[in-house]
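K.L.:
This is the structure I have questions about; it appears just below.
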Amino acid sequence: MTIISNLSRRRFLQGTGVGLTIPVLESVSTRASSRELSPRRLVCVGNHLGFYPGNFFPEQTGKNYEATSTLQPLKEHRADLTVLSNLDHGLNGGHKAVHGFLSSIKKEEAAGFPDKNVSLDQAAAEHVGSETRFASINTAIGDGTDMCWTRSGVRIPPVNNPATLFQALFVNASDADLLAEQNRLLHRTSVLDTLSESANALNRTLNTADRNKLDQYLTSVRDVERRLQMSLAWVKRPKPKSPIEEVLDEERKQMDEMAILYDLIALSLQTDSTRVATLEIPLAFQTSELNLGGYHGLSHHSKSEDRLAQLQVVESFFTTRLNAFISRLKESQIFDDTLIVFGSGMSDGSIHSNRDLPVLIAGGGLKHQGHVICPPGQHKRIPLSNLWLSALQWFGSRQERFGKSTGTFTPIEIT
């Protein structure tokens, strides 16, 4: 397996704060032998505060668009990405709607949908099941954006410590610790089995409303059971050897959080420790490198030229880090099998708009088209969940609906 080149310790230790979870397991892989030799991967990056439309969307359509300030750092990879205009997740509420970026469903409305508000990454993770050590790796800077949700409507809290993620990926536990972990998982599984049996017996005595509540609870229990079973399957298997020195917690203050998050995600994909990963960028994002005011305050620019200029620096920083991540995936020869989703559940943070969401997709071996307006010449917006459904089908899932989808995404071929 090719190792990411020129990844020196000091360059690697430029960032901190990652998140990790071992989510839902359903072993339902139907990949063909060619797919098994080159598995597909999905990476979702969400920014809570959106992107200023004037800095994000090009004026021209097609491949020959003039790159905006936010897209300029991605110029070396522009042939391998598509910017999408006029996509909506159909939600309102400003900050309160951002958590629906990968689901298109508010958590408060999730009970009315058969799959609740399951997010794109977790639907993909269910397809992976136990084929990898971690069905997904969910990361965030700080507290994240509440972007990832299970099929039972439970938020997956991301890990924001790079040392924790490094140990999960590469550090093998002692024999004593492995035995203790195995016993813990077996014990917790047996407790859940007993709980499920008792709840099923109680179900026969309840009215319809209470049975529905109990069903939601049991669904959550089953999610936990699947995660425990996956953990148990991998607990004794040795982890891959790390190509870099261990990330230590005491070095966090010396690092660039976003850079190390991307580095660790790249390594997790390259070693096939996971095939699904997320990165959440919160409204409280800060970086000493930029020497600017608070990001949240800058997002409330009110079209002030000074604030927009500073906001441009921050947003260009985000795409500069994305550019480096794409380069690493190309170096490790997995970019064409990796679909990257980058965007936000908010458009313009200054007016708390959730319309015309900033979204771009990269990689995946797709026939990228530069800048696509969806649909061209019309005002009716295509549901963002149509894009997510096509992404899931590209990933290998046989789902025919996702969230509020009305069909697959037709403006760009995703196969």
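In the structure tokens, the first chain shown is A, the next is B, and so on; residue numbers restart at 1 for each chain, and ligands run from 1 in the order shown.
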Which polymer residues have any atom within 10 Å of an atom of Lys239 (chain A), counting only C-alpha atoms, with same-chain residues fewer than 3 positions away left out, as a PyMOL selection string?

P.N.:
chain A and resi 133+167-173+234-236+242+271+273

K.L.:
Could you please take those selected residues and save N, CA and C atoms as a PDB file, in the first residue's frame?

P.N.:
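New file out-v4.pdb:
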```pdb
ATOM      1  N   ARG A 133     -12.486  -1.685  10.204  1.00  0.00           N
ATOM      2  CA  ARG A 133     -12.477  -1.605  11.668  1.00  0.00           C
ATOM      3  C   ARG A 133     -13.510  -0.599  12.162  1.00  0.00           C
ATOM      4  N   GLN A 167      -4.487   6.857  18.374  1.00  0.00           N
ATOM      5  CA  GLN A 167      -4.444   5.603  19.138  1.00  0.00           C
ATOM      6  C   GLN A 167      -5.488   4.611  18.632  1.00  0.00           C
ATOM      7  N   ALA A 168      -6.665   5.115  18.299  1.00  0.00           N
ATOM      8  CA  ALA A 168      -7.715   4.230  17.792  1.00  0.00           C
ATOM      9  C   ALA A 168      -7.314   3.600  16.466  1.00  0.00           C
ATOM     10  N   LEU A 169      -6.592   4.348  15.636  1.00  0.00           N
ATOM     11  CA  LEU A 169      -6.206   3.848  14.327  1.00  0.00           C
ATOM     12  C   LEU A 169      -4.988   2.942  14.353  1.00  0.00           C
ATOM     13  N   PHE A 170      -3.998   3.262  15.210  1.00  0.00           N
ATOM     14  CA  PHE A 170      -2.693   2.626  15.063  1.00  0.00           C
ATOM     15  C   PHE A 170      -2.099   1.982  16.306  1.00  0.00           C
ATOM     16  N   VAL A 171      -2.594   2.285  17.491  1.00  0.00           N
ATOM     17  CA  VAL A 171      -1.968   1.783  18.719  1.00  0.00           C
ATOM     18  C   VAL A 171      -2.708   0.543  19.205  1.00  0.00           C
ATOM     19  N   ASN A 172      -2.008  -0.583  19.262  1.00  0.00           N
ATOM     20  CA  ASN A 172      -2.594  -1.829  19.745  1.00  0.00           C
ATOM     21  C   ASN A 172      -2.575  -1.860  21.274  1.00  0.00           C
ATOM     22  N   ALA A 173      -3.679  -2.292  21.845  1.00  0.00           N
ATOM     23  CA  ALA A 173      -3.771  -2.403  23.303  1.00  0.00           C
ATOM     24  C   ALA A 173      -3.011  -3.621  23.794  1.00  0.00           C
ATOM     25  N   TRP A 234     -13.711  -6.852  15.829  1.00  0.00           N
ATOM     26  CA  TRP A 234     -12.397  -6.311  15.507  1.00  0.00           C
ATOM     27  C   TRP A 234     -11.470  -6.196  16.708  1.00  0.00           C
ATOM     28  N   VAL A 235     -11.966  -6.495  17.898  1.00  0.00           N
ATOM     29  CA  VAL A 235     -11.194  -6.169  19.094  1.00  0.00           C
ATOM     30  C   VAL A 235      -9.846  -6.885  19.142  1.00  0.00           C
ATOM     31  N   LYS A 236      -9.736  -8.110  18.584  1.00  0.00           N
ATOM     32  CA  LYS A 236      -8.472  -8.861  18.662  1.00  0.00           C
ATOM     33  C   LYS A 236      -7.630  -8.752  17.391  1.00  0.00           C
ATOM     34  N   SER A 242       1.553   2.516  11.808  1.00  0.00           N
ATOM     35  CA  SER A 242       1.461   3.914  11.409  1.00  0.00           C
ATOM     36  C   SER A 242       2.691   4.334  10.602  1.00  0.00           C
ATOM     37  N   THR A 271      -5.272   3.234   4.847  1.00  0.00           N
ATOM     38  CA  THR A 271      -5.043   1.947   5.513  1.00  0.00           C
ATOM     39  C   THR A 271      -6.312   1.097   5.560  1.00  0.00           C
ATOM     40  N   SER A 273      -8.859   1.537   7.275  1.00  0.00           N
ATOM     41  CA  SER A 273      -9.416   1.465   8.627  1.00  0.00           C
ATOM     42  C   SER A 273     -10.873   1.892   8.606  1.00  0.00           C
TER      43      SER A 273
END
```

K.L.:
Among the residues of region 297-356 of chain A, find those DSSP assigns to alpha helix (DSSP H) from the backbone and print them as a CSV table (one decimal) with C-alpha atoms, in the first residue's frame.

P.N.:
```csv
chain,number,residue,atom,x,y,z
A,297,GLY,CA,-18.5,37.7,14.1
A,298,LEU,CA,-17.0,38.0,10.6
A,299,SER,CA,-19.8,35.9,9.2
A,305,GLU,CA,-16.0,45.6,2.8
A,306,ASP,CA,-13.6,45.2,5.7
A,307,ARG,CA,-15.4,42.2,7.2
A,308,LEU,CA,-15.9,40.6,3.8
A,309,ALA,CA,-12.2,40.9,3.1
A,310,GLN,CA,-11.4,39.1,6.4
A,311,LEU,CA,-14.1,36.5,5.7
A,312,GLN,CA,-12.5,35.9,2.4
A,313,VAL,CA,-9.2,35.0,4.1
A,314,VAL,CA,-11.0,32.5,6.4
A,315,GLU,CA,-13.0,30.8,3.6
A,316,SER,CA,-9.9,30.6,1.4
A,317,PHE,CA,-8.1,29.0,4.4
A,318,PHE,CA,-10.8,26.3,4.4
A,319,THR,CA,-10.4,25.5,0.7
A,320,THR,CA,-6.6,25.6,1.0
A,321,ARG,CA,-6.8,22.8,3.5
A,322,LEU,CA,-9.2,20.9,1.2
A,323,ASN,CA,-6.8,21.4,-1.6
A,324,ALA,CA,-4.0,19.8,0.4
A,325,PHE,CA,-6.3,16.9,1.3
A,326,ILE,CA,-7.1,16.2,-2.3
A,327,SER,CA,-3.4,16.2,-3.1
A,328,ARG,CA,-2.8,13.6,-0.4
A,329,LEU,CA,-5.5,11.4,-1.7
A,330,LYS,CA,-4.0,11.6,-5.2
A,331,GLU,CA,-0.6,10.8,-3.9
```

K.L.:
Would you kindly return, as a VMD selection string, each protein, DNA or RNA residue with an atom no farther than 8 Å from any atom of Leu360 (chain A), considering only C-alpha atoms and excluding same-chain residues fewer than 4 positions away?

P.N.:
chain A and resid 81 to 84 341 to 343

K.L.:
Please write the residues from the selection above to a file, keeping N, CA and C atoms, as a short mmCIF file (atom, residue, chain, number, x, y, z; two decimals), in the first residue's frame.

P.N.:
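The resulting selection_13.cif:
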```cif
data_model
loop_
_atom_site.label_atom_id
_atom_site.label_comp_id
_atom_site.auth_asym_id
_atom_site.auth_seq_id
_atom_site.Cartn_x
_atom_site.Cartn_y
_atom_site.Cartn_z
N LEU A 81 -13.45 18.58 -9.79
CA LEU A 81 -14.51 18.98 -8.87
C LEU A 81 -15.61 19.70 -9.62
N THR A 82 -16.80 19.71 -9.00
CA THR A 82 -17.95 20.39 -9.56
C THR A 82 -18.59 21.27 -8.48
N VAL A 83 -18.80 22.54 -8.79
CA VAL A 83 -19.49 23.47 -7.90
C VAL A 83 -20.97 23.47 -8.29
N LEU A 84 -21.86 23.38 -7.31
CA LEU A 84 -23.28 23.26 -7.58
C LEU A 84 -24.05 24.43 -7.00
N VAL A 341 -17.60 15.41 -0.39
CA VAL A 341 -18.70 16.38 -0.32
C VAL A 341 -18.24 17.52 0.59
N PHE A 342 -18.33 18.74 0.11
CA PHE A 342 -17.84 19.90 0.86
C PHE A 342 -18.89 21.00 0.77
N GLY A 343 -19.35 21.51 1.91
CA GLY A 343 -20.34 22.57 1.86
C GLY A 343 -20.92 22.89 3.21
#
```

K.L.:
Find, counting only C-alpha atoms, the residue in A:Thr278, A:Thr70, A:Thr132, A:Asn92 that gets nearest to Asp146 (chain A).

P.N.:
A:Thr278

K.L.:
By how many Å are CA of Lys107 (chain A) and CA of Phe402 (chain A) apart?

P.N.:
15.1 Å

K.L.:
Considering only C-alpha atoms, return as a list in words whatever protein or nucleic-acid residues lie within 8 Å of Phe395 (chain A), sequence-local ones (same chain, fewer than 3 positions apart) excluded.

P.N.:
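Here the qualifying residues turn out to be Arg40, Arg41, Leu42, Ala124, Ala391 and Leu392 of chain A.
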
K.L.:
Okay, now the selection with C-alpha atoms, as a PDB file, in the first residue's frame?

P.N.:
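Wrote it out as again.pdb, contents follow:
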```
ATOM      1  CA  ARG A  40     -15.278   3.272  -2.712  1.00  0.00           C
ATOM      2  CA  ARG A  41     -14.904   5.884   0.001  1.00  0.00           C
ATOM      3  CA  LEU A  42     -16.941   8.888   1.113  1.00  0.00           C
ATOM      4  CA  ALA A 124     -23.049   4.848   3.859  1.00  0.00           C
ATOM      5  CA  ALA A 391     -23.929   9.584  -3.743  1.00  0.00           C
ATOM      6  CA  LEU A 392     -25.223   6.575  -1.795  1.00  0.00           C
TER       7      LEU A 392
END
```

K.L.:
Using only C-alpha atoms, which residue out of A:Arg237, A:Arg184, A:Lys404, A:His371 lies closest to Asn386 (chain A)?

P.N.:
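Ranked by minimum distance to Asn386 (chain A), first place goes to A:Lys404.
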
K.L.:
Can you check which residues of region 290-348 of chain A DSSP gives as strand (DSSP E) on the backbone and send them as a VMD selection string?

P.N.:
chain A and resid 338 to 343

K.L.:
Ranking A:Gly403, A:Leu195, A:Asn64, A:His48 by minimum distance to Val118 (chain A) and counting only C-alpha atoms, which one comes first?

P.N.:
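Selected residue with least distance to Val118 (chain A): A:Gly403.
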
K.L.:
Pick the closest to Pro383 (chain A) from A:Arg355, A:His301, A:Lys116, A:His99: which is it, counting only C-alpha atoms?

P.N.:
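Ranked by minimum distance to Pro383 (chain A), first place goes to A:Arg355.
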
K.L.:
If we count only C-alpha atoms and set the cut-off at 7 Å, which residues sit around Leu102 (chain A), ignoring sequence neighbours fewer than 5 positions away in its own chain? Please answer as an NGL selection string.

P.N.:
:A and (119-120 or 147)

K.L.:
Considering only C-alpha atoms, can you say which of A:Ile265, A:Val159, A:Val276, A:Leu206 comes closest to Phe134 (chain A)?

P.N.:
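Closest residue, counting only C-alpha atoms: A:Val276.
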
K.L.:
Nearest residue to Pro157 (chain A) out of A:Ala199, A:Glu280, A:Leu267, A:Thr274, using only C-alpha atoms?

P.N.:
A:Glu280
